[in-house]
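Below is my_file.txt, holding compact mmCIF, C-alpha atoms and all ligand atoms.
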# COMPACT_ATOMS: atom_id res chain seq x y z
CA MET P 144 -77.75 -121.06 62.98
CA LYS P 145 -76.64 -123.73 65.43
CA ALA P 146 -72.93 -124.52 65.58
CA ASN P 147 -71.86 -128.00 64.49
CA ILE P 148 -69.77 -129.30 67.40
CA LYS P 149 -67.73 -131.35 64.92
CA ASP P 150 -66.42 -128.17 63.29
CA PHE P 151 -64.56 -127.12 66.44
CA ASP P 152 -61.11 -128.31 67.38
CA PRO P 153 -60.71 -129.31 71.05
CA ALA P 154 -59.57 -125.83 72.20
CA GLU P 155 -62.35 -124.11 70.26
CA LEU P 156 -64.89 -126.44 71.83
CA GLU P 157 -63.58 -125.47 75.28
CA GLY P 158 -64.07 -121.82 74.33
CA PHE P 159 -67.60 -122.49 73.14
CA ILE P 160 -68.47 -124.37 76.34
CA SER P 161 -67.04 -121.56 78.48
CA GLU P 162 -69.26 -119.08 76.65
CA LEU P 163 -72.20 -121.21 77.70
CA GLY P 164 -71.03 -120.72 81.28
CA GLU P 165 -69.65 -124.23 81.87
CA LYS P 166 -66.22 -125.42 82.94
CA PRO P 167 -63.85 -126.15 80.01
CA PHE P 168 -63.35 -129.80 81.05
CA ARG P 169 -66.93 -130.45 79.96
CA ALA P 170 -65.62 -130.10 76.41
CA LYS P 171 -63.43 -133.17 76.92
CA GLN P 172 -66.47 -135.15 78.04
CA ILE P 173 -68.41 -134.07 74.95
CA GLY P 174 -65.45 -134.88 72.68
CA THR P 175 -65.16 -138.34 74.22
CA TRP P 176 -68.86 -139.04 73.72
CA ILE P 177 -68.83 -138.02 70.07
CA PHE P 178 -65.48 -139.30 68.86
CA ALA P 179 -64.56 -142.17 71.18
CA LYS P 180 -68.05 -143.50 71.96
CA SER P 181 -69.89 -142.50 68.75
CA VAL P 182 -72.72 -140.91 70.73
CA CYS P 183 -74.15 -138.05 68.73
CA LYS P 184 -77.10 -136.96 70.89
CA PHE P 185 -76.65 -134.52 73.76
CA SER P 186 -79.54 -136.24 75.54
CA GLU P 187 -77.45 -139.43 75.87
CA MET P 188 -74.43 -137.71 77.43
CA THR P 189 -75.31 -138.87 80.91
CA ASP P 190 -72.39 -137.30 82.76
CA LEU P 191 -73.59 -133.79 81.83
CA SER P 192 -76.29 -132.10 83.86
CA LEU P 193 -79.77 -132.03 82.39
CA SER P 194 -79.84 -128.24 82.26
CA PHE P 195 -76.48 -128.13 80.41
CA ARG P 196 -77.70 -130.73 77.94
CA GLU P 197 -80.75 -128.56 77.25
CA LYS P 198 -78.57 -125.51 76.83
CA LEU P 199 -76.41 -127.42 74.32
CA GLU P 200 -79.48 -128.58 72.43
CA GLN P 201 -80.52 -124.97 71.93
CA SER P 202 -77.20 -123.63 70.71
CA ALA P 203 -75.47 -126.51 68.96
CA GLU P 204 -75.86 -129.72 67.00
CA ILE P 205 -73.76 -132.78 66.24
CA LYS P 206 -74.11 -133.27 62.56
CA SER P 207 -72.66 -135.59 59.98
CA THR P 208 -73.35 -134.20 56.54
CA LEU P 209 -71.66 -136.86 54.39
CA THR P 210 -73.78 -139.36 52.51
CA LEU P 211 -71.97 -142.42 51.24
CA THR P 212 -73.20 -142.92 47.69
CA CYS P 213 -70.82 -145.47 46.24
CA GLU P 214 -68.21 -147.94 47.40
CA LYS P 215 -65.86 -149.79 45.04
CA GLU P 216 -63.30 -152.44 45.87
CA SER P 217 -60.21 -153.04 43.76
CA ILE P 218 -58.81 -156.51 43.09
CA ASP P 219 -55.87 -155.52 45.34
CA GLY P 220 -58.17 -154.82 48.31
CA THR P 221 -58.10 -151.01 48.01
CA LYS P 222 -61.52 -149.48 48.57
CA LYS P 223 -62.78 -146.19 47.17
CA TYR P 224 -65.67 -144.32 48.78
CA LEU P 225 -67.70 -141.62 47.07
CA PHE P 226 -69.49 -139.18 49.38
CA GLU P 227 -72.11 -136.61 48.58
CA LEU P 228 -71.91 -133.42 50.65
CA PHE P 229 -74.86 -131.38 51.97
CA ASP P 230 -74.68 -129.05 48.96
CA GLY P 231 -74.55 -131.81 46.35
CA ASN P 232 -70.79 -131.65 45.87
CA LYS P 233 -68.82 -134.89 45.84
CA ILE P 234 -65.55 -136.12 47.28
CA GLU P 235 -63.66 -139.40 47.41
CA SER P 236 -61.61 -141.21 50.04
CA VAL P 237 -59.48 -144.32 49.54
CA LEU P 238 -58.67 -147.06 52.05
CA ILE P 239 -55.42 -148.88 51.33
CA PRO P 240 -54.60 -152.07 53.25
CA GLU P 241 -50.85 -152.85 53.40
CA GLY P 242 -49.95 -155.68 55.75
CA ARG P 243 -50.77 -154.58 59.26
CA ARG P 244 -51.38 -151.02 58.13
CA ASN P 245 -54.72 -149.77 56.96
CA THR P 246 -54.18 -146.30 55.55
CA LEU P 247 -57.01 -143.90 54.79
CA CYS P 248 -56.36 -141.33 52.10
CA ILE P 249 -58.68 -138.40 52.75
CA SER P 250 -59.78 -135.37 50.77
CA SER P 251 -59.34 -131.82 52.01
CA GLN P 252 -61.14 -129.92 49.24
CA VAL P 253 -63.74 -130.45 46.53
CA GLY P 254 -61.42 -130.41 43.52
CA CYS P 255 -58.13 -128.50 43.60
CA ALA P 256 -56.87 -125.10 42.48
CA MET P 257 -53.24 -126.01 41.92
CA GLY P 258 -53.50 -127.04 38.29
CA CYS P 259 -50.87 -129.81 38.16
CA THR P 260 -50.97 -131.08 34.59
CA PHE P 261 -50.69 -134.78 35.49
CA CYS P 262 -53.51 -134.87 38.04
CA LEU P 263 -57.17 -135.60 37.42
CA THR P 264 -58.33 -133.61 40.46
CA ALA P 265 -56.82 -130.50 38.86
CA ARG P 266 -59.30 -130.86 35.99
CA VAL P 267 -62.19 -130.50 38.39
CA GLY P 268 -60.83 -127.11 39.49
CA LYS P 269 -61.31 -125.91 43.05
CA ILE P 270 -64.95 -125.91 44.00
CA ARG P 271 -64.57 -125.30 47.73
CA ASN P 272 -62.72 -126.16 50.91
CA LEU P 273 -64.01 -128.94 53.14
CA SER P 274 -65.06 -128.10 56.69
CA CYS P 275 -63.37 -129.77 59.63
CA SER P 276 -66.37 -132.06 60.13
CA GLU P 277 -66.37 -133.06 56.47
CA ILE P 278 -62.71 -134.08 56.78
CA VAL P 279 -63.16 -135.95 60.05
CA ASP P 280 -66.42 -137.61 58.96
CA GLN P 281 -64.62 -139.36 56.09
CA TYR P 282 -62.56 -141.12 58.75
CA LEU P 283 -65.45 -141.79 61.14
CA THR P 284 -67.68 -143.31 58.44
CA ILE P 285 -65.02 -145.48 56.83
CA ASN P 286 -63.49 -146.58 60.12
CA LYS P 287 -66.90 -147.78 61.31
CA LEU P 288 -67.55 -149.64 58.05
CA ASN P 289 -64.20 -151.39 58.48
CA GLY P 290 -64.51 -152.43 62.10
CA GLY P 291 -62.31 -149.65 63.49
CA SER P 292 -59.29 -150.94 61.58
CA ILE P 293 -57.81 -147.68 60.22
CA THR P 294 -54.25 -147.20 61.51
CA ASN P 295 -52.93 -144.27 59.42
CA ILE P 296 -54.25 -141.16 57.71
CA VAL P 297 -52.74 -139.42 54.71
CA TYR P 298 -54.03 -136.11 53.34
CA MET P 299 -53.50 -137.25 49.76
CA GLY P 300 -57.03 -137.44 48.39
CA MET P 301 -58.71 -134.63 46.48
CA GLY P 302 -57.35 -131.17 47.10
CA GLU P 303 -54.35 -129.33 48.44
CA PRO P 304 -54.53 -129.54 52.26
CA LEU P 305 -52.35 -126.46 52.75
CA ASP P 306 -54.76 -124.43 50.60
CA ASN P 307 -57.26 -125.27 53.37
CA LEU P 308 -54.83 -124.99 56.24
CA GLU P 309 -57.26 -123.94 58.97
CA ASN P 310 -59.55 -126.93 58.61
CA THR P 311 -56.64 -129.27 57.94
CA ILE P 312 -55.12 -128.26 61.29
CA ARG P 313 -58.49 -128.41 63.08
CA SER P 314 -59.08 -131.92 61.79
CA ILE P 315 -55.57 -133.06 62.79
CA ARG P 316 -56.24 -131.76 66.32
CA VAL P 317 -59.44 -133.82 66.42
CA PHE P 318 -57.62 -136.92 65.14
CA THR P 319 -54.75 -136.65 67.60
CA ASN P 320 -56.44 -135.43 70.81
CA SER P 321 -56.28 -138.24 73.35
CA ASN P 322 -59.86 -137.59 74.56
CA TYR P 323 -61.14 -137.64 71.00
CA ILE P 324 -59.80 -140.09 68.39
CA GLY P 325 -56.33 -140.39 69.86
CA LEU P 326 -54.33 -141.24 66.75
CA SER P 327 -50.58 -140.76 67.09
CA PRO P 328 -49.25 -137.78 65.06
CA LYS P 329 -46.70 -140.26 63.70
CA ARG P 330 -49.54 -141.95 61.85
CA ILE P 331 -50.71 -138.82 60.09
CA THR P 332 -49.13 -137.40 56.94
CA VAL P 333 -49.99 -134.19 55.14
CA SER P 334 -49.00 -134.08 51.49
CA THR P 335 -48.45 -130.79 49.72
CA SER P 336 -47.57 -129.53 46.28
CA GLY P 337 -45.35 -126.94 47.96
CA LEU P 338 -47.16 -123.90 49.35
CA VAL P 339 -44.01 -122.70 51.10
CA ASN P 340 -45.56 -120.05 53.37
CA LYS P 341 -48.14 -122.58 54.56
CA ILE P 342 -45.52 -125.28 55.18
CA LYS P 343 -43.92 -122.86 57.64
CA GLU P 344 -47.23 -122.18 59.36
CA LEU P 345 -48.08 -125.87 59.53
CA GLY P 346 -44.74 -126.64 61.18
CA GLU P 347 -45.24 -123.86 63.70
CA LYS P 348 -48.71 -125.00 64.67
CA ILE P 349 -48.63 -128.76 64.64
CA ASN P 350 -46.34 -131.77 64.63
CA ILE P 351 -47.11 -134.39 62.00
CA ASN P 352 -45.37 -135.99 59.02
CA LEU P 353 -44.90 -133.93 55.90
CA SER P 354 -44.75 -135.24 52.37
CA VAL P 355 -43.80 -132.90 49.55
CA SER P 356 -44.78 -133.62 45.96
CA LEU P 357 -41.56 -132.63 44.23
CA ASN P 358 -42.10 -134.45 40.94
CA ALA P 359 -39.23 -132.80 39.04
CA PRO P 360 -35.47 -132.30 39.35
CA SER P 361 -35.38 -128.77 37.93
CA ASP P 362 -37.43 -125.59 37.92
CA ALA P 363 -37.85 -125.85 34.16
CA ILE P 364 -39.63 -129.21 34.39
CA ARG P 365 -41.43 -128.48 37.66
CA SER P 366 -42.89 -125.20 36.41
CA GLU P 367 -44.14 -126.99 33.30
CA ILE P 368 -46.14 -129.54 35.30
CA MET P 369 -46.81 -127.73 38.60
CA PRO P 370 -47.79 -124.03 38.26
CA ILE P 371 -47.08 -123.47 41.98
CA ASN P 372 -43.38 -123.74 41.15
CA LYS P 373 -43.49 -120.35 39.44
CA ARG P 374 -44.36 -118.80 42.79
CA PHE P 375 -42.19 -121.01 44.97
CA PRO P 376 -39.22 -122.43 43.04
CA ILE P 377 -37.43 -125.59 44.16
CA SER P 378 -34.64 -123.84 46.10
CA THR P 379 -37.15 -121.87 48.23
CA LEU P 380 -39.22 -125.02 48.76
CA LEU P 381 -36.27 -127.12 49.87
CA GLU P 382 -35.01 -124.38 52.21
CA GLU P 383 -38.38 -124.40 53.97
CA CYS P 384 -38.49 -128.21 54.03
CA LYS P 385 -35.15 -128.30 55.81
CA ARG P 386 -36.61 -126.13 58.58
CA PHE P 387 -39.74 -128.28 59.05
CA PRO P 388 -39.85 -129.92 62.50
CA ILE P 389 -39.57 -133.66 61.90
CA LEU P 390 -40.99 -136.14 64.41
CA LYS P 391 -38.58 -138.35 66.31
CA ARG P 392 -37.39 -141.31 64.21
CA LYS P 393 -39.33 -139.99 61.21
CA TYR P 394 -38.35 -138.48 57.88
CA LEU P 395 -39.54 -135.88 55.46
CA THR P 396 -40.95 -137.59 52.37
CA PHE P 397 -40.60 -136.45 48.80
CA GLU P 398 -43.07 -137.81 46.28
CA TYR P 399 -41.88 -138.07 42.70
CA VAL P 400 -44.48 -138.96 40.10
CA ILE P 401 -42.36 -140.45 37.37
CA ILE P 402 -43.68 -139.72 33.88
CA LYS P 403 -42.42 -141.22 30.63
CA ASP P 404 -40.01 -138.97 28.69
CA LEU P 405 -40.77 -136.01 30.95
CA ASN P 406 -38.87 -136.50 34.20
CA ASP P 407 -37.59 -140.10 34.00
CA SER P 408 -34.13 -139.80 32.39
CA ILE P 409 -30.77 -140.78 33.86
CA ARG P 410 -29.89 -137.09 33.91
CA ASP P 411 -33.08 -136.28 35.84
CA ALA P 412 -32.20 -138.94 38.42
CA ASN P 413 -28.71 -137.53 38.93
CA GLU P 414 -30.03 -133.97 39.20
CA LEU P 415 -32.66 -135.05 41.72
CA ALA P 416 -30.11 -136.90 43.81
CA LYS P 417 -27.90 -133.83 43.97
CA LEU P 418 -30.84 -131.67 45.04
CA LEU P 419 -31.80 -133.96 47.90
CA LYS P 420 -28.38 -135.03 49.11
CA GLY P 421 -27.91 -134.06 52.72
CA ILE P 422 -31.64 -133.75 53.48
CA LYS P 423 -32.90 -136.36 55.94
CA CYS P 424 -35.64 -137.77 53.75
CA LYS P 425 -37.29 -140.68 52.03
CA ILE P 426 -38.25 -140.62 48.37
CA ASN P 427 -41.35 -142.29 47.00
CA LEU P 428 -41.26 -142.89 43.27
CA ILE P 429 -44.84 -143.09 42.00
CA PRO P 430 -45.08 -144.43 38.45
CA PHE P 431 -47.56 -142.12 36.73
CA ASN P 432 -51.09 -143.50 36.82
CA GLU P 433 -52.62 -143.07 33.41
CA ALA P 434 -56.10 -141.60 33.33
CA ASP P 435 -58.17 -140.17 30.48
CA PRO P 436 -58.01 -137.37 29.28
CA ILE P 437 -54.42 -136.84 30.44
CA SER P 438 -52.00 -137.91 27.73
CA TYR P 439 -48.82 -138.58 29.79
CA LYS P 440 -47.62 -142.17 29.93
CA THR P 441 -46.22 -144.48 32.59
CA PRO P 442 -42.52 -145.22 32.01
CA PRO P 443 -41.42 -148.80 31.32
CA VAL P 444 -40.73 -150.73 34.56
CA GLN P 445 -37.01 -150.96 33.78
CA ARG P 446 -36.69 -147.19 33.52
CA VAL P 447 -38.26 -146.74 36.95
CA LEU P 448 -35.87 -149.35 38.38
CA ASP P 449 -32.88 -147.61 36.79
CA PHE P 450 -34.03 -144.28 38.19
CA GLN P 451 -34.29 -145.82 41.65
CA LYS P 452 -30.85 -147.38 41.33
CA ILE P 453 -29.21 -144.05 40.58
CA LEU P 454 -30.86 -142.36 43.56
CA SER P 455 -29.86 -145.27 45.81
CA SER P 456 -26.26 -144.99 44.64
CA TYR P 457 -26.16 -141.53 46.26
CA GLY P 458 -27.20 -143.11 49.57
CA LEU P 459 -30.80 -141.91 49.29
CA ASN P 460 -33.65 -143.96 50.75
CA VAL P 461 -35.97 -144.54 47.80
CA LYS P 462 -39.00 -146.78 47.33
CA ILE P 463 -41.18 -147.42 44.33
CA ARG P 464 -44.79 -147.01 45.36
CA LYS P 465 -46.98 -149.72 43.99
CA SER P 466 -50.00 -148.39 42.21
CA ARG P 467 -53.00 -149.36 44.32
CA GLY P 468 -56.60 -149.31 43.26
CA ALA P 469 -55.92 -148.19 39.69
CA ASP P 470 -58.68 -150.47 38.34
CA ILE P 471 -61.27 -148.45 40.28
CA LEU P 472 -59.59 -145.08 39.51
CA GLY P 473 -58.58 -144.96 43.15
CA ALA P 474 -54.86 -144.50 42.66
CA CYS P 475 -52.89 -141.27 43.18
CA GLY P 476 -54.08 -138.51 40.90
CA GLN P 477 -57.12 -140.42 39.70
CA LEU P 478 -59.67 -138.93 42.07
CA ALA P 479 -62.23 -136.83 40.29
CA ALA P 480 -65.43 -137.97 42.04
CA SER P 481 -67.15 -138.34 38.67
CA TYR P 482 -66.96 -134.62 37.90
CA PRO P 483 -66.79 -133.78 34.19
CA LEU P 484 -63.18 -133.34 33.13
CA ASP P 485 -63.56 -131.14 30.12
CA LYS P 486 -62.33 -128.03 31.92
CA LYS P 487 -59.11 -126.50 30.76
CA ILE P 488 -56.64 -126.18 33.59
CA LYS P 489 -56.49 -122.57 34.68
CA GLU P 490 -53.30 -120.84 35.76
CA VAL P 491 -53.90 -120.11 39.38
CA VAL P 492 -52.43 -117.18 41.21
CA HIS P 493 -52.52 -117.55 44.99
N1 LIG L 501 -52.39 -131.90 46.75
C1 LIG L 501 -51.52 -132.69 47.51
C2 LIG L 501 -52.11 -134.00 47.96
C3 LIG L 501 -52.97 -134.74 46.99
S1 LIG L 501 -52.18 -135.35 45.54
C4 LIG L 501 -50.22 -132.94 46.75
O1 LIG L 501 -50.16 -132.64 45.57
O2 LIG L 501 -49.27 -133.42 47.38
C5 LIG L 501 -51.38 -136.80 46.18
C6 LIG L 501 -50.22 -137.31 45.35
O3 LIG L 501 -50.64 -137.85 44.11
C7 LIG L 501 -49.19 -136.25 45.02
O4 LIG L 501 -47.91 -136.70 45.41
C8 LIG L 501 -49.27 -136.16 43.51
O5 LIG L 501 -48.03 -135.78 42.97
C9 LIG L 501 -49.69 -137.55 43.13
N2 LIG L 501 -50.32 -137.68 41.81
C10 LIG L 501 -51.15 -136.81 41.23
N3 LIG L 501 -51.54 -137.26 40.02
C11 LIG L 501 -50.92 -138.45 39.83
C12 LIG L 501 -50.93 -139.43 38.78
N4 LIG L 501 -51.69 -139.27 37.70
N5 LIG L 501 -50.19 -140.53 38.95
C13 LIG L 501 -49.47 -140.73 40.07
N6 LIG L 501 -49.44 -139.86 41.08
C14 LIG L 501 -50.15 -138.73 40.98
FE1 LIG L 502 -53.91 -130.56 43.51
FE2 LIG L 502 -52.14 -132.34 44.48
FE3 LIG L 502 -53.49 -132.82 42.19
FE4 LIG L 502 -51.60 -130.93 42.23
S1 LIG L 502 -51.28 -133.14 42.56
S2 LIG L 502 -53.64 -130.73 41.30
S3 LIG L 502 -51.87 -130.12 44.26
S4 LIG L 502 -54.37 -132.64 44.20
Whole structure given in structure tokens:
Amino acid sequence: MKANIKDFDPAELEGFISELGEKPFRAKQIGTWIFAKSVCKFSEMTDLSLSFREKLEQSAEIKSTLTLTCEKESIDGTKKYLFELFDGNKIESVLIPEGRRNTLCISSQVGCAMGCTFCLTARVGKIRNLSCSEIVDQYLTINKLNGGSITNIVYMGMGEPLDNLENTIRSIRVFTNSNYIGLSPKRITVSTSGLVNKIKELGEKININLSVSLNAPSDAIRSEIMPINKRFPISTLLEECKRFPILKRKYLTFEYVIIKDLNDSIRDANELAKLLKGIKCKINLIPFNEADPISYKTPPVQRVLDFQKILSSYGLNVKIRKSRGADILGACGQLAASYPLDKKIKEVVH
């Protein structure tokens, strides 16, 4: 089978080119053609010799396997894209305009294995990891449709990016390589439910922003809603977070999905503040987005404001994240790509 050039990261492409007997710098030229100039035919790469182009043709291909099957726009300008993959599976990506920023929320897996009780993607279960090209092609397709206007990428769509660490890292290398797409690492954020061993590996291999979905102030509550907490409790998670290499003038982010009568009390706020005091971080409070068949409820606005006030009183930097795209089921935790949701959430052992 021919290799898909888009599944290599820049260093791997150099290796592949060397095996074909060419100088590694040819890989940069190929990367520039594909990702910066959108040329996806070897025959049009005019700065490569004819014989090399023929050799490439025989051993590799430049393939996009995503088919855009549906696009929905919310009244707030958020757009949700549904893609069909080569094997019939489906994923979603969401484009969120916010002032001068245009943030693309991409998927890293079909479904998710982590089983968080508040999240619709969990109900799909994990079907499979996405390849590097399937991750990058979400960006390439949507950026083109939107006149090249994407400024930021967040790995907050379907799936747990650290449960697909290899392809997450490959795709980040494609996004950030200056000969390829050339996005600043400062504009890329990986969000995780807290796979502690993988957080360490991510920090060792690459420099980007990290967002951790904390969602609870205590192990008792967190283990109830996020099974991963039974393997990696909060103290272990926070220890690892403190060691994560943070980009200059950037912060670690903690996401906190705030759910009515579950983790939204005054006591919860105080406990959370004490946990995070002393960590250089920002906190995003995300009012729970309701979605059938999950029975949790969004707290009243005043309760979210009170919660924020308590955290702020400890000197913490805390924002309430507006729910975007909820009318098209494009908000956090609402991505299910029209999979049936009747599955019971399985306890997952990693
Ligand atoms: N798996 C990764 C990234 C995808 S989930 C992670 O969990 O971090 C992206 C974010 O959506 C997470 O912060 C998660 O806590 C949040 N989320 C999930 N379901 C939600 C819901 N129903 N309402 C609001 N936020 C939700
Ligand atoms: Fe997976 Fe993240 Fe949803 Fe948890 S919140 S089930 S980790 S996508």
Discussion item. Restricting the calculation to only C-alpha atoms: of P:Ile453, P:Leu418, P:Leu428, P:Met301, which residue gets closest to Ser466 of chain P?
Written reply: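 Selected residue with least distance to Ser466 of chain P: P:Leu428.
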Fill in: Nearby residues (only C-alpha atoms) at most 6 Å from segment 318-332 of chain P, same-chain spacing under 5 positions excluded, as a ChimeraX atom specification
/P:174-175,178-179,295-297,351-353
Output of the above residues as a PDB file, in the coordinates of the input, restricted to C-alpha atoms:
ATOM      1  CA  GLY P 174     -65.450-134.880  72.680  1.00  0.00           C
ATOM      2  CA  THR P 175     -65.160-138.340  74.220  1.00  0.00           C
ATOM      3  CA  PHE P 178     -65.480-139.300  68.860  1.00  0.00           C
ATOM      4  CA  ALA P 179     -64.560-142.170  71.180  1.00  0.00           C
ATOM      5  CA  ASN P 295     -52.930-144.270  59.420  1.00  0.00           C
ATOM      6  CA  ILE P 296     -54.250-141.160  57.710  1.00  0.00           C
ATOM      7  CA  VAL P 297     -52.740-139.420  54.710  1.00  0.00           C
ATOM      8  CA  ILE P 351     -47.110-134.390  62.000  1.00  0.00           C
ATOM      9  CA  ASN P 352     -45.370-135.990  59.020  1.00  0.00           C
ATOM     10  CA  LEU P 353     -44.900-133.930  55.900  1.00  0.00           C
TER      11      LEU P 353
END
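Counting only C-alpha atoms and all ligand atoms and comparing P:Leu283, P:Ala479, P:Cys275, P:Met257, the residue that lies closest to ligand LIG 501 (chain L) is P:Met257.
A straight line drawn from atom CA of Ile342 of chain P to atom CA of Ile463 of chain P is 25.0 Å long.
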Please return as an mmCIF file with C-alpha atoms, in the frame of the given file the residues found within 8 Å of ligand LIG 501 (chain L), counting all atoms listed in the file.
data_model
loop_
_atom_site.group_PDB
_atom_site.id
_atom_site.type_symbol
_atom_site.label_atom_id
_atom_site.label_comp_id
_atom_site.auth_asym_id
_atom_site.auth_seq_id
_atom_site.Cartn_x
_atom_site.Cartn_y
_atom_site.Cartn_z
ATOM 1 C CA SER P 250 -59.780 -135.370 50.770
ATOM 2 C CA CYS P 255 -58.130 -128.500 43.600
ATOM 3 C CA MET P 257 -53.240 -126.010 41.920
ATOM 4 C CA CYS P 259 -50.870 -129.810 38.160
ATOM 5 C CA PHE P 261 -50.690 -134.780 35.490
ATOM 6 C CA CYS P 262 -53.510 -134.870 38.040
ATOM 7 C CA LEU P 263 -57.170 -135.600 37.420
ATOM 8 C CA THR P 264 -58.330 -133.610 40.460
ATOM 9 C CA TYR P 298 -54.030 -136.110 53.340
ATOM 10 C CA MET P 299 -53.500 -137.250 49.760
ATOM 11 C CA GLY P 300 -57.030 -137.440 48.390
ATOM 12 C CA MET P 301 -58.710 -134.630 46.480
ATOM 13 C CA GLY P 302 -57.350 -131.170 47.100
ATOM 14 C CA GLU P 303 -54.350 -129.330 48.440
ATOM 15 C CA PRO P 304 -54.530 -129.540 52.260
ATOM 16 C CA VAL P 333 -49.990 -134.190 55.140
ATOM 17 C CA SER P 334 -49.000 -134.080 51.490
ATOM 18 C CA THR P 335 -48.450 -130.790 49.720
ATOM 19 C CA SER P 336 -47.570 -129.530 46.280
ATOM 20 C CA GLY P 337 -45.350 -126.940 47.960
ATOM 21 C CA SER P 354 -44.750 -135.240 52.370
ATOM 22 C CA VAL P 355 -43.800 -132.900 49.550
ATOM 23 C CA SER P 356 -44.780 -133.620 45.960
ATOM 24 C CA LEU P 357 -41.560 -132.630 44.230
ATOM 25 C CA ASN P 358 -42.100 -134.450 40.940
ATOM 26 C CA GLU P 398 -43.070 -137.810 46.280
ATOM 27 C CA TYR P 399 -41.880 -138.070 42.700
ATOM 28 C CA VAL P 400 -44.480 -138.960 40.100
ATOM 29 C CA ILE P 401 -42.360 -140.450 37.370
ATOM 30 C CA ILE P 429 -44.840 -143.090 42.000
ATOM 31 C CA PRO P 430 -45.080 -144.430 38.450
ATOM 32 C CA PHE P 431 -47.560 -142.120 36.730
ATOM 33 C CA ASN P 432 -51.090 -143.500 36.820
ATOM 34 C CA GLU P 433 -52.620 -143.070 33.410
ATOM 35 C CA ALA P 434 -56.100 -141.600 33.330
ATOM 36 C CA SER P 466 -50.000 -148.390 42.210
ATOM 37 C CA ALA P 474 -54.860 -144.500 42.660
ATOM 38 C CA CYS P 475 -52.890 -141.270 43.180
ATOM 39 C CA GLY P 476 -54.080 -138.510 40.900
ATOM 40 C CA GLN P 477 -57.120 -140.420 39.700
#
Practice prompt. Can you work out which one of P:Asp362, P:Asp435, P:Glu162, P:Glu235 has the shortest atom-to-atom distance to Leu380 of chain P, counting only C-alpha atoms?
Written response: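 Among the listed residues, the smallest separation from Leu380 of chain P belongs to P:Asp362.
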Fill in: Selected residue, from P:Pro376, P:Pro167, P:Gly421, P:Gly231, that lies nearest to Val253 of chain P when counting only C-alpha atoms
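The shortest atom-to-atom distance to Val253 of chain P comes from P:Gly231.
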Discussion item. Can you tell me which residues surround Met188 of chain P at a distance of at most 12 Å, considering only C-alpha atoms, apart from same-chain residues fewer than 3 positions away, and format the answer as number ranges by chain?
Written reply: P: 169-177, 180-185, 191-197, 199-200
Discussion item. For a quick check of understanding, using only C-alpha atoms, which of P:Phe159, P:Tyr482, P:Tyr282, P:Phe168 has the smallest distance to Gly268 of chain P?
Written reply: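 Comparing P:Phe159, P:Tyr482, P:Tyr282, P:Phe168 against Gly268 of chain P, the winner is P:Tyr482.
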Residues near Lys425 of chain P, cut-off 10 Å, all atoms listed in the file, skip fewer than 6 positions along chain, as a CSV table (one decimal) with C-alpha atoms, in the frame of the given file:
chain,number,residue,atom,x,y,z
P,354,SER,CA,-44.8,-135.2,52.4
P,393,LYS,CA,-39.3,-140.0,61.2
P,394,TYR,CA,-38.4,-138.5,57.9
P,395,LEU,CA,-39.5,-135.9,55.5
P,396,THR,CA,-41.0,-137.6,52.4
P,397,PHE,CA,-40.6,-136.4,48.8
P,398,GLU,CA,-43.1,-137.8,46.3
P,419,LEU,CA,-31.8,-134.0,47.9
P,459,LEU,CA,-30.8,-141.9,49.3
P,460,ASN,CA,-33.6,-144.0,50.8
P,461,VAL,CA,-36.0,-144.5,47.8
P,462,LYS,CA,-39.0,-146.8,47.3
Worksheet entry | Closest of P:Leu448, P:Ile402, P:Ala265, P:Ile426 to ligand LIG 502 (chain L) - atom-to-atom distances counting only C-alpha atoms and all ligand atoms |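 For ligand LIG 502 (chain L), the nearest of the candidates is P:Ala265.
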